[in-house]
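Novice: Structure file final17.tsv (TSV, C-alpha atoms) right here:
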chain	number	residue	atom	x	y	z
A	1	ASN	CA	312.76	107.01	44.59
A	2	ALA	CA	311.26	103.64	43.61
A	3	THR	CA	311.68	104.44	39.90
A	4	GLY	CA	315.41	104.90	40.42
A	5	ARG	CA	315.58	101.52	42.13
A	6	ILE	CA	313.67	99.26	39.77
A	7	SER	CA	313.07	101.22	36.54
A	8	HIS	CA	314.32	104.69	35.60
A	9	ALA	CA	314.38	107.86	37.68
A	10	MET	CA	313.64	110.08	34.68
A	11	ASP	CA	309.88	109.68	35.21
A	12	SER	CA	310.25	111.21	38.69
A	13	LEU	CA	312.00	114.21	37.14
A	14	ARG	CA	309.29	114.47	34.48
A	15	LEU	CA	306.62	114.63	37.20
A	16	ILE	CA	308.44	117.46	38.96
A	17	CYS	CA	308.93	119.42	35.73
A	18	THR	CA	305.60	119.01	33.95
A	19	LYS	CA	303.03	121.83	33.91
A	20	ASP	CA	300.34	119.64	32.36
A	21	GLN	CA	297.87	118.37	35.01
A	22	HIS	CA	296.76	115.38	32.93
A	23	ARG	CA	300.37	114.31	32.37
A	24	ALA	CA	301.15	114.88	36.06
A	25	ARG	CA	298.29	112.58	37.13
A	26	LYS	CA	299.41	109.92	34.66
A	27	LEU	CA	303.01	110.10	35.86
A	28	ALA	CA	301.96	110.12	39.52
A	29	SER	CA	299.86	107.00	38.93
A	30	HIS	CA	302.82	105.33	37.23
A	31	LEU	CA	305.15	106.23	40.11
A	32	SER	CA	302.63	104.95	42.65
A	33	GLU	CA	302.35	101.63	40.81
A	34	THR	CA	306.14	101.39	40.54
A	35	ASN	CA	306.43	101.94	44.29
A	36	ARG	CA	303.90	99.18	44.99
A	37	ASN	CA	305.95	96.87	42.78
A	38	ARG	CA	309.10	97.90	44.64
A	39	GLN	CA	307.44	97.14	47.99
A	40	LEU	CA	306.30	93.72	46.77
A	41	LEU	CA	309.72	92.93	45.30
A	42	THR	CA	311.45	93.97	48.53
A	43	GLU	CA	309.14	91.83	50.65
A	44	GLU	CA	309.48	88.78	48.40
A	45	SER	CA	313.27	89.14	48.24
A	46	THR	CA	313.50	89.53	52.02
A	47	LEU	CA	311.40	86.43	52.64
A	48	TYR	CA	313.53	84.50	50.17
A	49	ALA	CA	316.79	85.73	51.71
A	50	ASP	CA	315.54	84.81	55.16
A	51	SER	CA	314.57	81.31	54.05
A	52	VAL	CA	317.87	80.38	52.38
A	53	THR	CA	320.44	82.26	54.47
A	54	GLU	CA	322.41	80.96	57.46
A	55	VAL	CA	321.70	83.32	60.38
A	56	SER	CA	323.64	81.52	63.11
A	57	GLU	CA	326.85	83.43	62.26
A	58	LYS	CA	327.74	86.90	63.58
A	59	ILE	CA	327.05	88.41	60.15
A	60	ILE	CA	324.37	87.65	57.54
A	61	PHE	CA	325.52	87.16	53.94
A	62	ALA	CA	322.90	86.56	51.24
A	63	HIS	CA	323.81	86.24	47.56
A	64	ASP	CA	321.71	85.19	44.59
A	65	ALA	CA	321.12	86.03	40.94
A	66	LYS	CA	317.43	86.53	41.81
A	67	TYR	CA	318.05	89.78	43.72
A	68	ASN	CA	317.42	93.07	41.93
A	69	GLN	CA	320.42	95.29	42.66
A	70	GLY	CA	318.14	98.31	43.07
A	71	ILE	CA	316.58	96.93	46.26
A	72	ILE	CA	319.40	94.93	47.89
A	73	GLY	CA	320.05	97.76	50.37
A	74	LEU	CA	316.40	97.62	51.45
A	75	VAL	CA	316.60	93.84	51.86
A	76	ALA	CA	319.77	94.18	53.94
A	77	SER	CA	318.00	96.74	56.16
A	78	ARG	CA	315.06	94.35	56.66
A	79	LEU	CA	317.44	91.55	57.67
A	80	VAL	CA	319.12	93.84	60.20
A	81	GLU	CA	315.71	94.81	61.60
A	82	LYS	CA	314.70	91.19	62.07
A	83	HIS	CA	317.95	89.60	63.25
A	84	TYR	CA	319.93	92.60	64.54
A	85	LYS	CA	323.13	91.49	62.83
A	86	PRO	CA	325.21	93.26	60.18
A	87	SER	CA	323.73	92.10	56.87
A	88	ILE	CA	325.11	91.93	53.35
A	89	VAL	CA	323.05	91.19	50.24
A	90	VAL	CA	324.66	90.59	46.85
A	91	ALA	CA	322.88	90.68	43.49
A	92	VAL	CA	324.92	88.11	41.56
A	93	GLY	CA	325.75	88.96	37.96
A	94	GLU	CA	327.30	86.83	35.24
A	95	LYS	CA	330.79	88.28	35.78
A	96	ILE	CA	330.38	91.30	38.10
A	97	SER	CA	328.12	91.48	41.16
A	98	LYS	CA	326.85	94.36	43.27
A	99	GLY	CA	326.58	94.18	47.05
A	100	SER	CA	324.96	96.31	49.71
A	101	ALA	CA	325.59	96.19	53.46
A	102	ARG	CA	323.78	97.54	56.52
A	103	SER	CA	325.14	97.49	60.05
A	104	ILE	CA	324.23	97.75	63.71
A	105	GLN	CA	325.24	100.40	66.22
A	106	GLY	CA	328.90	100.12	67.17
A	107	PHE	CA	330.12	98.13	64.15
A	108	ASN	CA	331.75	100.12	61.33
A	109	ILE	CA	330.69	98.18	58.23
A	110	ILE	CA	332.70	100.11	55.62
A	111	GLU	CA	335.88	99.84	57.68
A	112	PHE	CA	335.22	96.10	58.04
A	113	LEU	CA	334.65	95.64	54.29
A	114	ARG	CA	337.82	97.55	53.43
A	115	THR	CA	339.91	95.10	55.45
A	116	PHE	CA	338.97	92.62	52.69
A	117	SER	CA	339.57	95.06	49.82
A	118	SER	CA	341.78	92.52	48.04
A	119	HIS	CA	338.59	90.57	47.29
A	120	LEU	CA	336.73	93.60	45.91
A	121	ILE	CA	336.78	95.80	42.83
A	122	ASP	CA	335.66	98.82	44.88
A	123	ALA	CA	333.70	99.77	47.99
A	124	GLY	CA	332.24	102.91	49.51
A	125	GLY	CA	329.88	104.08	52.20
A	126	HIS	CA	329.86	105.02	55.88
A	127	PRO	CA	329.87	103.17	59.23
A	128	MET	CA	326.22	102.08	59.02
A	129	ALA	CA	325.76	101.44	55.28
A	130	ALA	CA	328.01	100.53	52.38
A	131	GLY	CA	328.06	99.22	48.84
A	132	PHE	CA	330.64	97.32	46.84
A	133	THR	CA	331.42	95.64	43.52
A	134	ILE	CA	332.98	92.21	43.30
A	135	GLU	CA	333.88	89.65	40.64
A	136	SER	CA	331.20	86.96	40.83
A	137	SER	CA	333.81	84.20	40.90
A	138	ARG	CA	335.18	85.57	44.21
A	139	ILE	CA	331.90	85.76	46.17
A	140	GLU	CA	332.29	82.46	48.03
A	141	GLU	CA	335.83	83.17	49.22
A	142	PHE	CA	334.76	86.70	50.20
A	143	LYS	CA	331.83	85.29	52.20
A	144	THR	CA	334.11	82.83	54.00
A	145	ALA	CA	336.57	85.60	54.87
A	146	LEU	CA	333.80	87.89	56.16
A	147	ILE	CA	332.25	85.24	58.38
A	148	ALA	CA	335.63	84.34	59.87
A	149	GLY	CA	336.51	88.02	60.40
A	150	SER	CA	333.16	88.90	61.97
A	151	ALA	CA	333.45	86.01	64.45
A	152	LYS	CA	336.58	87.66	65.87
A	153	LEU	CA	335.28	91.26	65.87
A	154	ILE	CA	331.59	91.04	66.80
A	155	SER	CA	330.85	90.15	70.41
A	156	ASP	CA	327.59	88.71	71.72
A	157	GLU	CA	327.17	91.92	73.71
A	158	LEU	CA	327.27	94.00	70.52
A	159	LEU	CA	324.42	91.93	69.07
A	160	LYS	CA	322.04	92.85	71.90
A	161	ARG	CA	319.41	95.18	70.47
A	162	ILE	CA	319.21	98.47	72.40
A	163	LEU	CA	316.48	101.03	71.81
A	164	LYS	CA	317.17	104.59	72.89
A	165	ILE	CA	313.90	106.05	74.17
A	166	ASP	CA	313.61	109.82	73.79
A	167	CYS	CA	310.58	110.33	76.00
A	168	GLU	CA	307.87	108.47	77.91
A	169	LEU	CA	304.35	109.53	76.93
A	170	ARG	CA	300.85	108.93	78.20
A	171	PHE	CA	298.30	108.29	75.45
A	172	GLU	CA	296.44	111.46	76.44
A	173	GLN	CA	299.52	113.46	75.34
A	174	ILE	CA	299.51	112.04	71.81
A	175	ASN	CA	297.66	114.07	69.18
A	176	LEU	CA	298.05	115.56	65.70
A	177	ALA	CA	299.52	118.75	67.16
A	178	LEU	CA	302.36	116.72	68.65
A	179	LEU	CA	302.89	115.00	65.32
A	180	ASP	CA	302.99	118.37	63.52
A	181	SER	CA	305.54	119.74	65.98
A	182	MET	CA	307.72	116.67	65.43
A	183	GLN	CA	307.89	117.44	61.72
A	184	THR	CA	309.88	120.59	62.50
A	185	LEU	CA	312.71	118.19	63.41
A	186	ALA	CA	312.57	116.48	60.00
A	187	PRO	CA	314.03	115.18	57.79
A	188	PHE	CA	314.82	112.05	59.80
A	189	GLY	CA	317.65	109.73	58.92
A	190	MET	CA	320.82	108.09	60.16
A	191	ALA	CA	322.23	111.21	61.87
A	192	ASN	CA	318.81	112.47	62.95
A	193	PRO	CA	316.67	109.49	63.98
A	194	GLU	CA	312.92	109.78	64.33
A	195	PRO	CA	311.84	110.37	67.97
A	196	LEU	CA	311.21	107.11	69.80
A	197	PHE	CA	308.62	107.07	72.59
A	198	ALA	CA	307.57	104.65	75.30
A	199	SER	CA	304.25	104.09	77.06
A	200	LYS	CA	303.71	101.72	79.99
A	201	LYS	CA	300.80	99.52	81.07
A	202	VAL	CA	298.98	99.78	77.75
A	203	ILE	CA	296.04	97.40	77.25
A	204	VAL	CA	295.62	95.26	74.12
A	205	GLU	CA	292.04	95.78	72.88
A	206	SER	CA	292.49	93.76	69.68
A	207	ALA	CA	295.30	91.91	67.90
A	208	ARG	CA	295.35	90.28	64.47
A	209	LEU	CA	297.98	89.08	62.01
A	210	VAL	CA	298.26	90.90	58.67
A	211	GLY	CA	300.47	91.00	55.58
A	212	ARG	CA	301.82	88.27	53.35
A	213	GLU	CA	302.24	85.08	55.35
A	214	ASN	CA	300.79	86.87	58.42
A	215	LYS	CA	304.18	88.18	59.53
A	216	HIS	CA	302.94	91.47	61.03
A	217	LEU	CA	300.70	92.35	63.96
A	218	LYS	CA	297.89	94.91	63.78
A	219	LEU	CA	296.83	96.18	67.20
A	220	THR	CA	294.31	98.39	68.92
A	221	LEU	CA	295.78	99.71	72.18
A	222	SER	CA	294.30	101.73	75.02
A	223	GLN	CA	295.47	103.59	78.10
A	224	ASN	CA	293.04	105.28	80.50
A	225	GLY	CA	290.30	105.27	77.87
A	226	LYS	CA	292.38	106.72	75.02
A	227	MET	CA	292.85	104.37	72.05
A	228	PHE	CA	295.24	104.16	69.11
A	229	ASP	CA	295.85	101.67	66.33
A	230	GLY	CA	299.34	100.23	66.09
A	231	ILE	CA	301.35	98.13	63.68
A	232	PHE	CA	304.22	95.87	64.76
A	233	PHE	CA	306.15	94.73	61.69
A	234	GLY	CA	307.55	91.25	62.18
A	235	GLY	CA	305.60	90.96	65.43
A	236	SER	CA	303.71	87.77	64.61
A	237	GLU	CA	305.40	85.84	67.41
A	238	ALA	CA	304.59	88.32	70.17
A	239	GLY	CA	301.83	86.01	71.41
A	240	LEU	CA	299.47	88.79	72.49
A	241	LYS	CA	295.84	88.36	73.37
A	242	VAL	CA	293.04	90.77	74.22
A	243	GLY	CA	293.38	92.13	77.74
A	244	ASP	CA	297.16	91.81	77.96
A	245	SER	CA	299.04	94.71	79.57
A	246	VAL	CA	302.21	95.71	77.72
A	247	ASP	CA	304.96	98.33	77.72
A	248	ILE	CA	305.63	99.58	74.19
A	249	ALA	CA	308.37	101.47	72.35
A	250	TYR	CA	307.13	103.21	69.20
A	251	THR	CA	307.28	106.03	66.71
A	252	ILE	CA	304.25	108.12	65.79
A	253	GLU	CA	303.03	108.36	62.22
A	254	GLN	CA	300.09	109.85	60.37
A	255	ASP	CA	297.65	107.50	58.71
A	256	THR	CA	294.86	108.50	56.33
A	257	TRP	CA	291.74	106.35	56.35
A	258	ASN	CA	288.53	107.19	54.46
A	259	GLY	CA	289.93	110.67	53.83
A	260	ARG	CA	290.43	111.32	57.56
A	261	GLU	CA	293.80	111.90	59.18
A	262	ARG	CA	294.56	109.90	62.28
A	263	ILE	CA	297.54	108.73	64.30
A	264	GLN	CA	299.04	105.27	64.16
A	265	LEU	CA	301.74	103.92	66.45
A	266	LYS	CA	304.56	102.07	64.72
A	267	ILE	CA	305.68	99.59	67.37
A	268	ARG	CA	309.41	98.95	67.56
A	269	ASP	CA	309.29	96.59	70.54
A	270	LEU	CA	307.07	95.56	73.42
A	271	THR	CA	307.13	93.55	76.62
A	272	LYS	CA	304.26	91.98	78.57
A	273	ASN	CA	303.69	93.08	82.16
What is this structure when it is put down as structure tokens?

Specialist:
Amino acid sequence: NATGRISHAMDSLRLICTKDQHRARKLASHLSETNRNRQLLTEESTLYADSVTEVSEKIIFAHDAKYNQGIIGLVASRLVEKHYKPSIVVAVGEKISKGSARSIQGFNIIEFLRTFSSHLIDAGGHPMAAGFTIESSRIEEFKTALIAGSAKLISDELLKRILKIDCELRFEQINLALLDSMQTLAPFGMANPEPLFASKKVIVESARLVGRENKHLKLTLSQNGKMFDGIFFGGSEAGLKVGDSVDIAYTIEQDTWNGRERIQLKIRDLTKN
């Protein structure tokens, strides 16, 4: 859906409809390039939002004319992932601005926004995600009202990140057959979250920083001789070294490397033993 976010979704429809293989390859290449651009734009916008936004309040509010309105929901989601606070990102226009909000468990973001409907042109969504339109001249007063309102409604307890583990696994139980069986539960989303697993006393075999500005952590992990690669987005401050024993919470994903399918663990959190 990257074309719908930063260009035009018609090319996605053209790819689905075409019967010409040459045209399909050309369109697929274009969509792939558009998605890479979307990923880069999202990462750059998130880093910018993080660098200029006050995060000491109970809610994060980022607004700037630099934001592309097609990816503000993705940026808000990234801010929630990092700070675990309801996050709002507004793409500021000359007269009318578009905003997108993402929430945390237990805080109804659309209900919260609608209590300030007098500031907005319109708003819609559900408890965990919402969007709205606002006159650009009213953004600052809206921000002030939201911050004051969130201070009364959001407790420190609500801002404690809680991961709901579905099952504890030993590494010897993880294989492509398990991954295939998990896909029968798809598609995953808000009402049907991807299974989250835990493994204890896992050994760090290697750890290195990757990504722009070295924000992410690439790991090789082992347990009783069985090894898997893992990626911990935003995990640069974990302070791990080779030989550390950790407990990890993660989802399982398929990775293709040199034409070979393999399993990668997407780390959601970890603690040292």

Novice: Report as a PyMOL selection string all protein, DNA and RNA residues lying within 8 Å of range 84-98 of chain A, evaluated on all atoms listed in the file, omitting residues in the same chain fewer than 5 positions from it.

Specialist: chain A and resi 58-69+72-73+75-77+79+103-104+107+109+131-137+159-161

Novice: For range 228-242 of chain A, please output as a list of chain:residue names all residues within 6 Å (counting all atoms listed in the file; exclusion window: fewer than 4 positions along the same chain).

Specialist: A:Val204, A:Glu205, A:Ser206, A:Lys215, A:His216, A:Leu217, A:Lys218, A:Leu219, A:Thr220, A:Leu221, A:Gln264, A:Leu265, A:Lys266, A:Ile267

Novice: Export C-alpha atoms of the chosen residues as a short mmCIF file (atom, residue, chain, number, x, y, z; two decimals), in the coordinates of the input?

Specialist:
data_model
loop_
_atom_site.label_atom_id
_atom_site.label_comp_id
_atom_site.auth_asym_id
_atom_site.auth_seq_id
_atom_site.Cartn_x
_atom_site.Cartn_y
_atom_site.Cartn_z
CA VAL A 204 295.62 95.26 74.12
CA GLU A 205 292.04 95.78 72.88
CA SER A 206 292.49 93.76 69.68
CA LYS A 215 304.18 88.18 59.53
CA HIS A 216 302.94 91.47 61.03
CA LEU A 217 300.70 92.35 63.96
CA LYS A 218 297.89 94.91 63.78
CA LEU A 219 296.83 96.18 67.20
CA THR A 220 294.31 98.39 68.92
CA LEU A 221 295.78 99.71 72.18
CA GLN A 264 299.04 105.27 64.16
CA LEU A 265 301.74 103.92 66.45
CA LYS A 266 304.56 102.07 64.72
CA ILE A 267 305.68 99.59 67.37
#

Novice: For a test of reading the model, state the distance in Å between CA of Val52 in chain A and CA of Ser150 in chain A, rounded to one decimal.

Specialist: 20.0 Å

Novice: Have a look at A:Asp156, A:Glu253, A:Glu213, A:Glu194 and name the one nearest to Asp180 in chain A; count all atoms listed in the file.

Specialist: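 That would be A:Glu253, the residue with the smallest distance to Asp180 in chain A.
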
Novice: Measuring between all atoms listed in the file, which one of A:Pro187, A:Lys272, A:Asn192, A:Asp244 shows the shortest distance to Ala207 in chain A?

Specialist: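 Counting all atoms listed in the file, the residue closest to Ala207 in chain A is A:Asp244.
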
Novice: Can you measure CA of Ser29 in chain A to CA of Ile16 in chain A for me? One decimal in Å is fine.

Specialist: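 Going from CA of Ser29 in chain A over to CA of Ile16 in chain A covers 13.5 Å.
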
Novice: Which of these, A:Leu270, A:Leu31, A:Ala2, A:Met128, has the shortest distance to Ala191 in chain A once you count all atoms listed in the file?

Specialist: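 Once distances to Ala191 in chain A are computed over all atoms listed in the file, the minimum belongs to A:Met128.
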